[in-house]
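Raw coords-v7.txt, compact mmCIF, C-alpha atoms and all ligand atoms:
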# COMPACT_ATOMS: atom_id res chain seq x y z
CA MET M 21 13.26 -42.83 25.97
CA ALA M 22 12.41 -43.10 22.27
CA ALA M 23 13.70 -45.13 19.36
CA GLY M 24 17.10 -43.53 19.07
CA LYS M 25 20.29 -44.03 17.16
CA LYS M 26 22.38 -44.55 20.24
CA SER M 27 20.80 -47.51 22.02
CA GLY M 28 24.28 -48.82 22.75
CA SER M 29 23.00 -52.35 22.12
CA ARG M 30 23.85 -52.93 18.52
CA PRO M 31 26.69 -55.49 18.78
CA ASP M 32 24.78 -57.57 21.36
CA ALA M 33 21.53 -57.25 19.43
CA ALA M 34 23.18 -58.34 16.19
CA ARG M 35 24.78 -61.37 17.87
CA SER M 36 21.56 -62.43 19.58
CA ALA M 37 19.51 -61.90 16.43
CA THR M 38 21.65 -64.42 14.58
CA ALA M 39 21.21 -66.93 17.39
CA GLY M 40 17.45 -66.32 17.44
CA ILE M 41 16.99 -67.19 13.78
CA SER M 42 18.47 -70.65 14.10
CA GLY M 43 17.73 -71.31 17.78
CA ARG M 44 15.23 -73.86 19.12
CA ALA M 45 12.73 -73.48 21.93
CA ASP M 46 14.93 -75.25 24.45
CA SER M 47 17.96 -73.05 23.64
CA ARG M 48 16.25 -69.78 24.56
CA PRO M 49 18.16 -67.62 27.04
CA ALA M 50 16.28 -67.30 30.33
CA SER M 51 16.27 -63.50 30.03
CA LYS M 52 14.10 -63.40 26.91
CA VAL M 53 10.63 -61.89 27.13
CA ARG M 54 7.98 -64.55 26.40
CA VAL M 55 5.40 -63.21 23.97
CA GLY M 56 2.08 -64.41 22.65
CA LEU M 57 0.42 -63.48 19.37
CA VAL M 58 -3.36 -63.54 18.91
CA GLY M 59 -4.38 -63.26 15.26
CA ALA M 60 -1.41 -65.21 13.92
CA THR M 61 -3.10 -65.94 10.59
CA GLY M 62 -3.67 -62.30 9.61
CA TYR M 63 -1.35 -59.88 7.84
CA THR M 64 -0.13 -58.02 10.92
CA GLY M 65 0.16 -61.37 12.72
CA MET M 66 2.36 -62.67 9.89
CA GLU M 67 4.50 -59.56 10.06
CA LEU M 68 4.83 -59.89 13.84
CA ALA M 69 5.88 -63.52 13.44
CA ARG M 70 8.52 -62.42 10.90
CA LEU M 71 9.92 -59.79 13.28
CA LEU M 72 9.70 -61.93 16.42
CA ALA M 73 11.43 -64.88 14.73
CA ALA M 74 14.61 -62.79 14.59
CA HIS M 75 14.15 -60.71 17.74
CA PRO M 76 17.19 -60.85 20.02
CA PHE M 77 15.30 -60.50 23.32
CA MET M 78 11.77 -61.75 22.63
CA PHE M 79 10.63 -65.30 22.14
CA LEU M 80 7.29 -66.33 20.64
CA THR M 81 5.76 -68.87 23.02
CA ARG M 82 2.14 -68.87 21.83
CA ALA M 83 0.57 -68.16 18.43
CA VAL M 84 -3.22 -68.16 18.49
CA SER M 85 -5.77 -68.79 15.76
CA ARG M 86 -9.38 -69.80 16.17
CA ARG M 87 -9.24 -71.78 12.90
CA GLU M 88 -5.78 -73.33 12.64
CA GLU M 89 -5.18 -74.89 16.07
CA GLY M 90 -2.56 -77.66 16.11
CA ARG M 91 -0.75 -76.79 12.89
CA ALA M 92 2.84 -75.59 13.02
CA LEU M 93 3.16 -71.86 12.38
CA ALA M 94 5.49 -72.58 9.43
CA ASP M 95 2.74 -74.67 7.80
CA LEU M 96 0.60 -71.54 7.73
CA HIS M 97 3.49 -69.21 6.91
CA PRO M 98 6.17 -71.10 4.94
CA PHE M 99 8.55 -68.13 5.13
CA LEU M 100 9.09 -69.17 8.78
CA ARG M 101 10.48 -72.63 7.88
CA GLY M 102 13.75 -73.33 9.70
CA THR M 103 13.06 -70.88 12.53
CA ALA M 104 12.10 -71.66 16.12
CA ALA M 105 8.94 -69.56 15.67
CA GLY M 106 7.96 -71.67 12.67
CA GLU M 107 7.99 -74.85 14.77
CA LEU M 108 5.51 -73.43 17.27
CA PRO M 109 2.16 -75.25 17.19
CA VAL M 110 -0.76 -72.86 16.78
CA SER M 111 -3.04 -72.74 19.86
CA ALA M 112 -6.70 -72.04 20.46
CA LEU M 113 -7.58 -68.82 22.25
CA ASP M 114 -7.23 -69.52 25.99
CA PRO M 115 -6.44 -66.50 28.21
CA GLU M 116 -5.44 -68.70 31.15
CA GLU M 117 -2.91 -70.52 28.98
CA LEU M 118 -1.59 -67.21 27.58
CA ALA M 119 -1.08 -65.97 31.14
CA ARG M 120 0.92 -69.11 31.97
CA ALA M 121 3.13 -68.99 28.87
CA CYS M 122 3.64 -65.28 28.17
CA ASP M 123 4.78 -62.00 29.68
CA LEU M 124 3.29 -59.84 26.92
CA VAL M 125 0.62 -60.51 24.29
CA PHE M 126 0.19 -58.83 20.90
CA LEU M 127 -3.46 -58.58 19.83
CA ALA M 128 -3.47 -58.52 16.02
CA VAL M 129 -7.24 -58.83 15.74
CA PRO M 130 -10.06 -56.67 14.37
CA HIS M 131 -11.45 -53.76 16.40
CA GLY M 132 -14.16 -54.88 18.77
CA ALA M 133 -12.43 -58.24 19.32
CA ALA M 134 -9.58 -56.77 21.37
CA MET M 135 -11.25 -54.81 24.17
CA SER M 136 -12.59 -57.56 26.45
CA LEU M 137 -9.67 -59.88 25.69
CA ALA M 138 -7.19 -57.14 26.61
CA ALA M 139 -9.05 -56.52 29.88
CA ASP M 140 -8.95 -60.23 30.71
CA LEU M 141 -5.21 -60.53 29.96
CA LEU M 142 -4.39 -57.39 31.96
CA ARG M 143 -6.32 -58.79 34.95
CA ARG M 144 -4.10 -61.87 34.71
CA GLY M 145 -0.97 -59.70 35.00
CA LEU M 146 0.11 -59.62 31.35
CA ARG M 147 1.24 -56.63 29.33
CA VAL M 148 -0.86 -56.06 26.23
CA LEU M 149 -0.02 -54.50 22.90
CA ASP M 150 -3.21 -53.95 20.91
CA LEU M 151 -2.90 -53.34 17.17
CA SER M 152 -6.61 -52.64 16.73
CA ALA M 153 -8.37 -49.31 17.21
CA ASP M 154 -10.04 -50.36 20.47
CA PHE M 155 -7.92 -48.24 22.83
CA ARG M 156 -6.74 -45.47 20.52
CA LEU M 157 -9.60 -43.03 21.05
CA ARG M 158 -9.85 -41.39 24.48
CA ASP M 159 -13.50 -40.45 24.09
CA LYS M 160 -15.89 -43.41 24.37
CA ALA M 161 -18.60 -41.56 22.45
CA VAL M 162 -16.23 -40.81 19.56
CA TYR M 163 -15.19 -44.49 19.40
CA GLU M 164 -18.80 -45.66 19.45
CA ARG M 165 -19.83 -43.16 16.76
CA TRP M 166 -17.03 -43.98 14.31
CA TYR M 167 -16.81 -47.74 14.94
CA ALA M 168 -20.53 -48.37 15.52
CA THR M 169 -19.63 -50.67 18.45
CA GLU M 170 -20.21 -50.29 22.18
CA HIS M 171 -16.98 -49.73 24.11
CA THR M 172 -17.07 -51.91 27.21
CA GLU M 173 -13.67 -50.94 28.67
CA PRO M 174 -13.45 -47.12 28.54
CA GLU M 175 -11.22 -46.90 31.62
CA LEU M 176 -8.58 -48.87 29.74
CA SER M 177 -8.69 -46.36 26.87
CA ALA M 178 -7.77 -43.73 29.44
CA GLU M 179 -4.83 -45.82 30.63
CA ALA M 180 -3.53 -46.97 27.22
CA VAL M 181 -0.44 -45.22 25.86
CA TYR M 182 -0.68 -44.19 22.21
CA GLY M 183 2.15 -46.19 20.69
CA LEU M 184 4.10 -43.72 18.62
CA PRO M 185 7.62 -44.11 20.08
CA GLU M 186 8.96 -40.77 18.81
CA LEU M 187 6.18 -38.88 20.61
CA HIS M 188 5.37 -41.07 23.60
CA GLY M 189 8.58 -42.97 24.30
CA ALA M 190 8.77 -41.97 27.98
CA GLU M 191 5.16 -43.05 28.69
CA LEU M 192 5.72 -46.36 26.92
CA VAL M 193 8.51 -47.39 29.28
CA GLY M 194 6.93 -49.90 31.63
CA ALA M 195 3.38 -49.38 30.27
CA ARG M 196 0.84 -52.20 30.77
CA LEU M 197 -1.32 -51.41 27.75
CA THR M 198 -0.36 -49.83 24.45
CA ALA M 199 -2.76 -48.76 21.71
CA ASN M 200 -0.72 -49.19 18.55
CA PRO M 201 -1.49 -46.38 16.08
CA GLY M 202 -3.34 -46.93 12.83
CA CYS M 203 -1.27 -47.13 9.64
CA TYR M 204 -2.55 -43.93 8.01
CA PRO M 205 -2.30 -41.97 11.29
CA THR M 206 1.35 -43.00 11.69
CA GLY M 207 2.42 -41.39 8.39
CA ALA M 208 0.17 -38.37 8.88
CA ILE M 209 1.15 -37.60 12.48
CA LEU M 210 4.89 -38.03 11.93
CA GLY M 211 4.64 -35.75 8.90
CA LEU M 212 2.76 -32.99 10.73
CA TYR M 213 4.31 -33.21 14.20
CA PRO M 214 7.20 -30.70 13.79
CA ALA M 215 5.00 -28.17 11.96
CA LEU M 216 2.28 -28.26 14.64
CA LYS M 217 4.60 -28.50 17.64
CA ASN M 218 6.44 -25.40 16.47
CA GLY M 219 3.29 -23.46 15.60
CA ILE M 220 4.17 -22.72 11.97
CA ALA M 221 0.88 -24.08 10.58
CA GLY M 222 -2.01 -21.69 9.96
CA ASN M 223 -5.56 -22.34 11.15
CA SER M 224 -6.94 -24.07 8.01
CA PRO M 225 -7.37 -27.83 8.39
CA PRO M 226 -4.39 -29.71 6.91
CA ILE M 227 -5.22 -31.84 3.88
CA ILE M 228 -3.91 -35.40 4.09
CA ASP M 229 -4.04 -37.11 0.71
CA ALA M 230 -2.91 -40.68 1.42
CA LYS M 231 -2.46 -43.81 -0.69
CA SER M 232 -2.21 -47.29 0.80
CA GLY M 233 -1.27 -50.73 -0.48
CA VAL M 234 -3.87 -53.49 -0.33
CA SER M 235 -2.48 -55.32 2.74
CA GLY M 236 -3.86 -52.40 4.77
CA ALA M 237 -7.32 -53.94 4.36
CA GLY M 238 -6.33 -57.19 6.10
CA ARG M 239 -6.17 -60.78 4.84
CA GLU M 240 -9.83 -61.65 5.03
CA ALA M 241 -11.26 -62.49 1.60
CA LYS M 242 -13.18 -59.50 0.20
CA VAL M 243 -14.20 -58.72 -3.36
CA GLY M 244 -12.62 -55.28 -3.13
CA SER M 245 -9.22 -56.83 -2.39
CA LEU M 246 -9.22 -59.30 -5.31
CA PHE M 247 -6.34 -59.03 -7.79
CA SER M 248 -8.68 -58.22 -10.67
CA GLU M 249 -10.34 -55.45 -8.69
CA VAL M 250 -7.14 -53.81 -7.47
CA SER M 251 -4.47 -54.34 -10.10
CA ASP M 252 -4.17 -51.84 -12.93
CA ASN M 253 -6.47 -49.52 -10.99
CA PHE M 254 -6.33 -46.63 -8.51
CA LYS M 255 -9.22 -45.16 -6.55
CA ALA M 256 -10.26 -42.98 -3.64
CA TYR M 257 -12.48 -44.37 -0.88
CA GLY M 258 -13.90 -43.35 2.49
CA LEU M 259 -13.61 -39.62 1.76
CA GLY M 260 -14.69 -37.71 4.85
CA THR M 261 -15.77 -40.90 6.60
CA HIS M 262 -12.64 -43.01 7.12
CA ARG M 263 -12.29 -44.29 10.71
CA HIS M 264 -8.73 -43.05 11.04
CA THR M 265 -9.97 -39.44 10.88
CA PRO M 266 -10.84 -39.01 14.60
CA GLU M 267 -7.59 -40.70 15.61
CA ILE M 268 -5.53 -38.32 13.47
CA GLU M 269 -7.49 -35.33 14.78
CA GLN M 270 -7.16 -36.45 18.42
CA GLU M 271 -3.39 -36.80 18.22
CA LEU M 272 -2.77 -33.67 16.14
CA SER M 273 -4.93 -31.65 18.54
CA ARG M 274 -2.78 -32.86 21.44
CA ILE M 275 0.36 -31.78 19.59
CA ALA M 276 -1.04 -28.41 18.53
CA GLY M 277 -2.64 -27.71 21.91
CA ARG M 278 -5.92 -26.69 20.22
CA PRO M 279 -8.82 -28.56 18.59
CA LEU M 280 -7.84 -29.39 15.05
CA THR M 281 -9.72 -30.97 12.15
CA VAL M 282 -8.24 -32.48 9.00
CA SER M 283 -9.41 -33.34 5.50
CA PHE M 284 -8.33 -36.96 5.13
CA SER M 285 -8.56 -38.61 1.70
CA PRO M 286 -7.48 -42.26 1.53
CA HIS M 287 -6.78 -44.05 -1.76
CA LEU M 288 -6.14 -47.67 -2.69
CA LEU M 289 -2.89 -48.37 -4.51
CA PRO M 290 -2.30 -51.57 -6.50
CA VAL M 291 0.74 -52.59 -4.39
CA ASN M 292 1.06 -54.96 -1.43
CA ARG M 293 2.77 -52.72 1.12
CA GLY M 294 3.22 -49.04 1.72
CA ILE M 295 1.51 -45.73 2.42
CA LEU M 296 2.47 -42.49 0.73
CA SER M 297 0.85 -39.38 2.21
CA THR M 298 0.97 -35.98 0.56
CA ILE M 299 0.03 -33.41 3.20
CA TYR M 300 -0.82 -29.76 2.48
CA VAL M 301 -0.52 -27.17 5.26
CA ASP M 302 -1.18 -23.43 5.07
CA LEU M 303 1.71 -21.63 6.72
CA LYS M 304 1.02 -19.04 9.41
CA SER M 305 3.81 -16.90 7.92
CA PRO M 306 3.93 -17.62 4.20
CA ASP M 307 7.36 -15.96 4.02
CA ILE M 308 9.08 -18.46 6.30
CA PRO M 309 11.97 -19.94 4.28
CA LEU M 310 12.02 -23.68 3.59
CA ARG M 311 15.49 -23.71 5.17
CA ASP M 312 13.96 -22.69 8.54
CA ILE M 313 11.17 -25.27 8.26
CA ARG M 314 13.71 -27.98 7.47
CA ALA M 315 15.69 -26.96 10.57
CA LEU M 316 12.59 -27.50 12.75
CA TYR M 317 12.04 -30.96 11.25
CA ALA M 318 15.71 -31.86 11.62
CA GLU M 319 15.61 -30.82 15.28
CA ALA M 320 12.36 -32.68 16.03
CA TYR M 321 13.78 -35.94 14.66
CA ALA M 322 17.46 -35.39 15.46
CA ASP M 323 17.95 -38.53 17.55
CA ARG M 324 15.18 -40.62 16.02
CA ALA M 325 16.70 -43.50 14.11
CA PHE M 326 13.51 -44.46 12.29
CA VAL M 327 12.55 -41.07 10.86
CA ARG M 328 14.62 -39.90 7.89
CA LEU M 329 14.32 -36.29 6.73
CA LEU M 330 15.37 -36.49 3.09
CA PRO M 331 17.76 -33.94 1.58
CA GLU M 332 16.22 -30.83 0.05
CA GLY M 333 14.75 -31.64 -3.36
CA ALA M 334 14.38 -35.37 -2.63
CA LEU M 335 10.95 -36.98 -2.18
CA PRO M 336 10.16 -40.30 -0.49
CA ASP M 337 9.06 -43.40 -2.39
CA LEU M 338 7.49 -46.61 -1.17
CA ARG M 339 10.19 -49.05 -2.07
CA SER M 340 12.79 -47.16 -0.04
CA VAL M 341 10.92 -48.02 3.17
CA ARG M 342 9.48 -51.45 2.28
CA GLY M 343 9.76 -54.01 5.10
CA SER M 344 11.36 -51.46 7.44
CA MET M 345 10.59 -49.16 10.34
CA TYR M 346 11.54 -46.02 8.44
CA CYS M 347 9.26 -43.07 7.98
CA ASP M 348 10.82 -41.00 5.19
CA ILE M 349 9.84 -37.34 5.00
CA GLY M 350 10.28 -34.89 2.10
CA LEU M 351 9.46 -31.18 2.40
CA VAL M 352 8.51 -28.75 -0.35
CA LYS M 353 7.42 -25.14 0.00
CA ASP M 354 4.98 -23.99 -2.66
CA GLU M 355 5.95 -20.33 -2.86
CA ARG M 356 2.90 -19.43 -5.01
CA THR M 357 0.31 -20.67 -2.51
CA GLY M 358 2.28 -20.21 0.71
CA ARG M 359 1.72 -23.85 1.54
CA LEU M 360 4.06 -26.43 3.00
CA ILE M 361 3.80 -29.78 1.20
CA ILE M 362 4.93 -32.72 3.32
CA VAL M 363 5.37 -36.15 1.75
CA THR M 364 5.76 -39.18 4.03
CA CYS M 365 6.28 -42.84 3.20
CA ILE M 366 5.96 -45.81 5.55
CA ASP M 367 5.47 -49.55 5.22
CA ASN M 368 1.93 -50.00 6.54
CA MET M 369 2.61 -53.50 7.88
CA CYS M 370 5.98 -52.80 9.53
CA ARG M 371 6.13 -49.13 10.58
CA GLY M 372 2.35 -48.76 10.36
CA ALA M 373 1.57 -51.83 12.47
CA SER M 374 3.77 -54.73 13.59
CA GLY M 375 7.23 -53.11 13.60
CA GLN M 376 5.86 -50.18 15.55
CA ALA M 377 4.21 -52.66 17.92
CA VAL M 378 7.57 -54.35 18.51
CA ALA M 379 9.23 -50.97 19.16
CA CYS M 380 6.55 -50.19 21.75
CA ALA M 381 6.80 -53.66 23.29
CA ASN M 382 10.57 -53.18 23.60
CA LEU M 383 9.95 -50.01 25.61
CA MET M 384 7.19 -51.63 27.70
CA CYS M 385 9.60 -54.43 28.64
CA GLY M 386 12.66 -52.26 29.28
CA LEU M 387 14.48 -53.53 26.20
CA PRO M 388 16.55 -51.42 23.79
CA PRO M 389 13.90 -49.58 21.73
CA ALA M 390 15.33 -50.61 18.36
CA ALA M 391 15.92 -54.27 19.29
CA GLY M 392 14.96 -56.58 16.44
CA LEU M 393 14.13 -53.67 14.14
CA GLY M 394 17.40 -52.91 12.36
CA LEU M 395 15.78 -53.69 9.03
CA ILE M 396 17.10 -52.26 5.79
CA PRO M 397 14.34 -51.77 3.18
CA LEU M 398 13.85 -54.51 0.59
CA VAL M 399 14.46 -53.37 -2.98
CA PRO M 400 13.70 -53.51 -5.87
N1 LIG G 1 -3.13 -54.49 7.84
C1 LIG G 1 -2.56 -53.35 8.24
O1 LIG G 1 -1.77 -52.73 7.49
C2 LIG G 1 -2.85 -52.78 9.61
C3 LIG G 1 -2.15 -51.66 10.02
C4 LIG G 1 -2.38 -51.11 11.28
C5 LIG G 1 -3.33 -51.71 12.10
N2 LIG G 1 -4.02 -52.79 11.68
C6 LIG G 1 -4.99 -53.36 12.61
O2 LIG G 1 -4.45 -54.59 13.11
C7 LIG G 1 -5.51 -55.53 13.35
C8 LIG G 1 -5.23 -56.79 12.53
O3 LIG G 1 -5.19 -56.41 11.15
P1 LIG G 1 -4.85 -57.44 10.01
O4 LIG G 1 -4.67 -56.65 8.79
O5 LIG G 1 -3.77 -58.35 10.45
O6 LIG G 1 -6.23 -58.25 9.93
P2 LIG G 1 -6.51 -59.67 9.29
O7 LIG G 1 -5.47 -59.96 8.26
O8 LIG G 1 -7.92 -59.70 8.90
O9 LIG G 1 -6.27 -60.67 10.51
C9 LIG G 1 -7.01 -60.59 11.70
C10 LIG G 1 -6.81 -61.88 12.48
O10 LIG G 1 -7.54 -61.79 13.69
C11 LIG G 1 -8.12 -63.07 14.02
N3 LIG G 1 -9.46 -62.80 14.54
C12 LIG G 1 -10.53 -62.29 13.86
N4 LIG G 1 -11.58 -62.12 14.68
C13 LIG G 1 -11.16 -62.54 15.91
C14 LIG G 1 -11.79 -62.65 17.18
N5 LIG G 1 -13.06 -62.27 17.35
N6 LIG G 1 -11.07 -63.13 18.21
C15 LIG G 1 -9.80 -63.53 18.06
N7 LIG G 1 -9.14 -63.46 16.87
C16 LIG G 1 -9.82 -62.97 15.82
C17 LIG G 1 -8.16 -63.85 12.73
O11 LIG G 1 -7.53 -65.08 12.99
P3 LIG G 1 -8.32 -66.49 13.07
O12 LIG G 1 -9.58 -66.33 12.27
O13 LIG G 1 -7.34 -67.44 12.47
O14 LIG G 1 -8.56 -66.69 14.51
C18 LIG G 1 -7.32 -63.08 11.74
O15 LIG G 1 -6.22 -63.80 11.28
C19 LIG G 1 -6.81 -54.83 12.92
O16 LIG G 1 -7.44 -54.29 14.05
C20 LIG G 1 -6.32 -53.72 11.98
O17 LIG G 1 -7.19 -52.63 11.94
C21 LIG G 1 -3.81 -53.35 10.46
Would it be possible to restate this file's structure as structure tokens?
Ligand SMILES: NC(=O)c1ccc[n+]([C@@H]2O[C@H](COP(=O)([O-])OP(=O)(O)OC[C@H]3O[C@@H](n4cnc5c(N)ncnc54)[C@H](OP(=O)(O)O)[C@@H]3O)[C@@H](O)[C@H]2O)c1
Amino acid sequence: MAAGKKSGSRPDAARSATAGISGRADSRPASKVRVGLVGATGYTGMELARLLAAHPFMFLTRAVSRREEGRALADLHPFLRGTAAGELPVSALDPEELARACDLVFLAVPHGAAMSLAADLLRRGLRVLDLSADFRLRDKAVYERWYATEHTEPELSAEAVYGLPELHGAELVGARLTANPGCYPTGAILGLYPALKNGIAGNSPPIIDAKSGVSGAGREAKVGSLFSEVSDNFKAYGLGTHRHTPEIEQELSRIAGRPLTVSFSPHLLPVNRGILSTIYVDLKSPDIPLRDIRALYAEAYADRAFVRLLPEGALPDLRSVRGSMYCDIGLVKDERTGRLIIVTCIDNMCRGASGQAVACANLMCGLPPAAGLGLIPLVP
């Protein structure tokens, strides 16, 4: 089962969502899934708190920070004032306590910090949704080379489901451990999936020219993320070396059924949220009409509520997906070069991280896949 249009749960979900926003801890229905959040002070933690505060079937019972123990979550994140989630006192990291209070835990922490914690929580019977890169790469040596960190739990990487609901929905149902995809890989893989699955791409490595907003770098104070460094500027970084490269190649190789490399060029955009990827693919048959390519994309995403294939001639933009789960896709055929140009837009924090994590957690817990995610983009 994948995030589909026909979950059949919309009226119930809408009713419960309204109750969840104003409800208090003691008014929670017994059927709700109890969830914990480690990394509550970071950007993806904030976004998870936003989504969970209004989730019809999940209830935030623990929010963990190593630095802010004892404060109410709404004191850290004032946008949560007036919600049950906002009243939650922030806790220290205590796996035993998480096991007592939660059914599932989101790990919104840096890579390297998640692997042993996830193993501990799984041993205690919890489900774990990891937003870091720790369980995304199947090959221990590849992880250790790209992340320069020893991987101490390689058997869990073999078990973890790669959390892209459109591609792995069936495996996510009932899973114990999900490796939530990286933000850049989400836009790149969704953009290339129909072309590779249907074998219309030639053998040259696709070129993924991607631009991300600054929240993609996390909330930790860094000179490179300062307003005066980022605003009124635009630059490339990590060319040929970005850590999302092996993840993109791993997943695209699985789709294509052959080893595949990519040229991945990330850029830093002076906006808070969003990733726009322009992807260039040589076509195996340069004469294939755009109409036929569009039909393959329409078929691949026919019942996928969160992927929108735009009408011919329309191209995605960041603000049309901001704060939502949508991945918008525009297709152009460059008749002169015989290339397909795919443009995708996602919100890196919602679709590229926390919203996608909630979609996966819904599936892991047997909930309607789109529960809590009926978000219309925020414009202007
Ligand atoms: N930002 C994005 O768009 C995005 C997208 C996809 C995936 N991700 C991934 O999601 C994870 C979180 O990203 P982020 O942007 O939210 O990062 P962030 O803003 O830097 O926040 C990370 C949080 O993790 C906590 N933390 C740090 N080290 C820890 C440790 N050793 N043990 C326990 N908690 C620790 C910190 O909380 P305290 O210091 O308060 O404890 C911090 O608030 C990362 O692995 C990132 O790669 C991010």
Selection within 6 Å of ligand LIG 1 (chain G) by only C-alpha atoms and all ligand atoms, output as a ChimeraX atom specification: /M:59-65,85-87,128-131,133,151-153,202-203,235-240,368-369,372-373
Non-local contacts of Glu107 (chain M) (10 Å; only C-alpha atoms; under 5 positions in same chain excluded) as JSON, numbers by chain: {"M": [44, 45, 91, 92, 93, 94, 95, 100, 101, 102]}
With only C-alpha atoms as the counted atoms, please give the residues lying no more than 12 Å from Met384 (chain M), apart from itself and same-chain residues fewer than 5 positions off, as an MDAnalysis selection string. chainID M and resid 21:22 53 123:125 146:149 180:181 183 185 188:199 377:379 389
Expected file contents, prior selection, C-alpha atoms, as a PDB file, in the coordinates of the input:
ATOM      1  CA  MET M  21      13.260 -42.830  25.970  1.00  0.00           C
ATOM      2  CA  ALA M  22      12.410 -43.100  22.270  1.00  0.00           C
ATOM      3  CA  VAL M  53      10.630 -61.890  27.130  1.00  0.00           C
ATOM      4  CA  ASP M 123       4.780 -62.000  29.680  1.00  0.00           C
ATOM      5  CA  LEU M 124       3.290 -59.840  26.920  1.00  0.00           C
ATOM      6  CA  VAL M 125       0.620 -60.510  24.290  1.00  0.00           C
ATOM      7  CA  LEU M 146       0.110 -59.620  31.350  1.00  0.00           C
ATOM      8  CA  ARG M 147       1.240 -56.630  29.330  1.00  0.00           C
ATOM      9  CA  VAL M 148      -0.860 -56.060  26.230  1.00  0.00           C
ATOM     10  CA  LEU M 149      -0.020 -54.500  22.900  1.00  0.00           C
ATOM     11  CA  ALA M 180      -3.530 -46.970  27.220  1.00  0.00           C
ATOM     12  CA  VAL M 181      -0.440 -45.220  25.860  1.00  0.00           C
ATOM     13  CA  GLY M 183       2.150 -46.190  20.690  1.00  0.00           C
ATOM     14  CA  PRO M 185       7.620 -44.110  20.080  1.00  0.00           C
ATOM     15  CA  HIS M 188       5.370 -41.070  23.600  1.00  0.00           C
ATOM     16  CA  GLY M 189       8.580 -42.970  24.300  1.00  0.00           C
ATOM     17  CA  ALA M 190       8.770 -41.970  27.980  1.00  0.00           C
ATOM     18  CA  GLU M 191       5.160 -43.050  28.690  1.00  0.00           C
ATOM     19  CA  LEU M 192       5.720 -46.360  26.920  1.00  0.00           C
ATOM     20  CA  VAL M 193       8.510 -47.390  29.280  1.00  0.00           C
ATOM     21  CA  GLY M 194       6.930 -49.900  31.630  1.00  0.00           C
ATOM     22  CA  ALA M 195       3.380 -49.380  30.270  1.00  0.00           C
ATOM     23  CA  ARG M 196       0.840 -52.200  30.770  1.00  0.00           C
ATOM     24  CA  LEU M 197      -1.320 -51.410  27.750  1.00  0.00           C
ATOM     25  CA  THR M 198      -0.360 -49.830  24.450  1.00  0.00           C
ATOM     26  CA  ALA M 199      -2.760 -48.760  21.710  1.00  0.00           C
ATOM     27  CA  ALA M 377       4.210 -52.660  17.920  1.00  0.00           C
ATOM     28  CA  VAL M 378       7.570 -54.350  18.510  1.00  0.00           C
ATOM     29  CA  ALA M 379       9.230 -50.970  19.160  1.00  0.00           C
ATOM     30  CA  PRO M 389      13.900 -49.580  21.730  1.00  0.00           C
TER      31      PRO M 389
END
Skip region 164-169 of chain M itself and residues of its chain fewer than 5 positions away, then list as a PyMOL selection string all residues within 8 Å of it, counting all atoms listed in the file. chain M and resi 132+263+266
Write out the residues from the selection above, keeping C-alpha atoms, as a PDB file, in the frame of the given file.
ATOM      1  CA  GLY M 132     -14.160 -54.880  18.770  1.00  0.00           C
ATOM      2  CA  ARG M 263     -12.290 -44.290  10.710  1.00  0.00           C
ATOM      3  CA  PRO M 266     -10.840 -39.010  14.600  1.00  0.00           C
TER       4      PRO M 266
END
Select, from M:Ala381, M:Leu176, M:Val110, M:Leu157, the residue with the minimum atom-to-atom distance to Ala139 (chain M), counting all atoms listed in the file.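 Of M:Ala381, M:Leu176, M:Val110, M:Leu157, the one nearest Ala139 (chain M) is M:Leu176, counting all atoms listed in the file.
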Which residues come within 8 Å of Ala256 (chain M), counting only C-alpha atoms, excluding same-chain residues fewer than 2 positions away, as an mmCIF file with C-alpha atoms, in the frame of the given file?
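For reference, out.cif as written:
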data_model
loop_
_atom_site.group_PDB
_atom_site.id
_atom_site.type_symbol
_atom_site.label_atom_id
_atom_site.label_comp_id
_atom_site.auth_asym_id
_atom_site.auth_seq_id
_atom_site.Cartn_x
_atom_site.Cartn_y
_atom_site.Cartn_z
ATOM 1 C CA PHE M 254 -6.330 -46.630 -8.510
ATOM 2 C CA GLY M 258 -13.900 -43.350 2.490
ATOM 3 C CA LEU M 259 -13.610 -39.620 1.760
ATOM 4 C CA SER M 285 -8.560 -38.610 1.700
ATOM 5 C CA PRO M 286 -7.480 -42.260 1.530
ATOM 6 C CA HIS M 287 -6.780 -44.050 -1.760
ATOM 7 C CA LEU M 288 -6.140 -47.670 -2.690
#
Which neighbours of Phe326 (chain M) fall inside 10 Å, counting all atoms listed in the file, when residues of the same chain fewer than 5 positions from it are skipped, and could you give them as a list in words? Ala23, Gly24, Lys25, Pro185, Glu186, Tyr321, Ser344, Met345, Tyr346, Cys347, Asp348, Arg371, Ala390, Leu393 and Gly394 of chain M
So that I have them on file, write out the residues from the current selection with C-alpha atoms, as an mmCIF file, in the frame of the given file.
data_model
loop_
_atom_site.group_PDB
_atom_site.id
_atom_site.type_symbol
_atom_site.label_atom_id
_atom_site.label_comp_id
_atom_site.auth_asym_id
_atom_site.auth_seq_id
_atom_site.Cartn_x
_atom_site.Cartn_y
_atom_site.Cartn_z
ATOM 1 C CA ALA M 23 13.700 -45.130 19.360
ATOM 2 C CA GLY M 24 17.100 -43.530 19.070
ATOM 3 C CA LYS M 25 20.290 -44.030 17.160
ATOM 4 C CA PRO M 185 7.620 -44.110 20.080
ATOM 5 C CA GLU M 186 8.960 -40.770 18.810
ATOM 6 C CA TYR M 321 13.780 -35.940 14.660
ATOM 7 C CA SER M 344 11.360 -51.460 7.440
ATOM 8 C CA MET M 345 10.590 -49.160 10.340
ATOM 9 C CA TYR M 346 11.540 -46.020 8.440
ATOM 10 C CA CYS M 347 9.260 -43.070 7.980
ATOM 11 C CA ASP M 348 10.820 -41.000 5.190
ATOM 12 C CA ARG M 371 6.130 -49.130 10.580
ATOM 13 C CA ALA M 390 15.330 -50.610 18.360
ATOM 14 C CA LEU M 393 14.130 -53.670 14.140
ATOM 15 C CA GLY M 394 17.400 -52.910 12.360
#
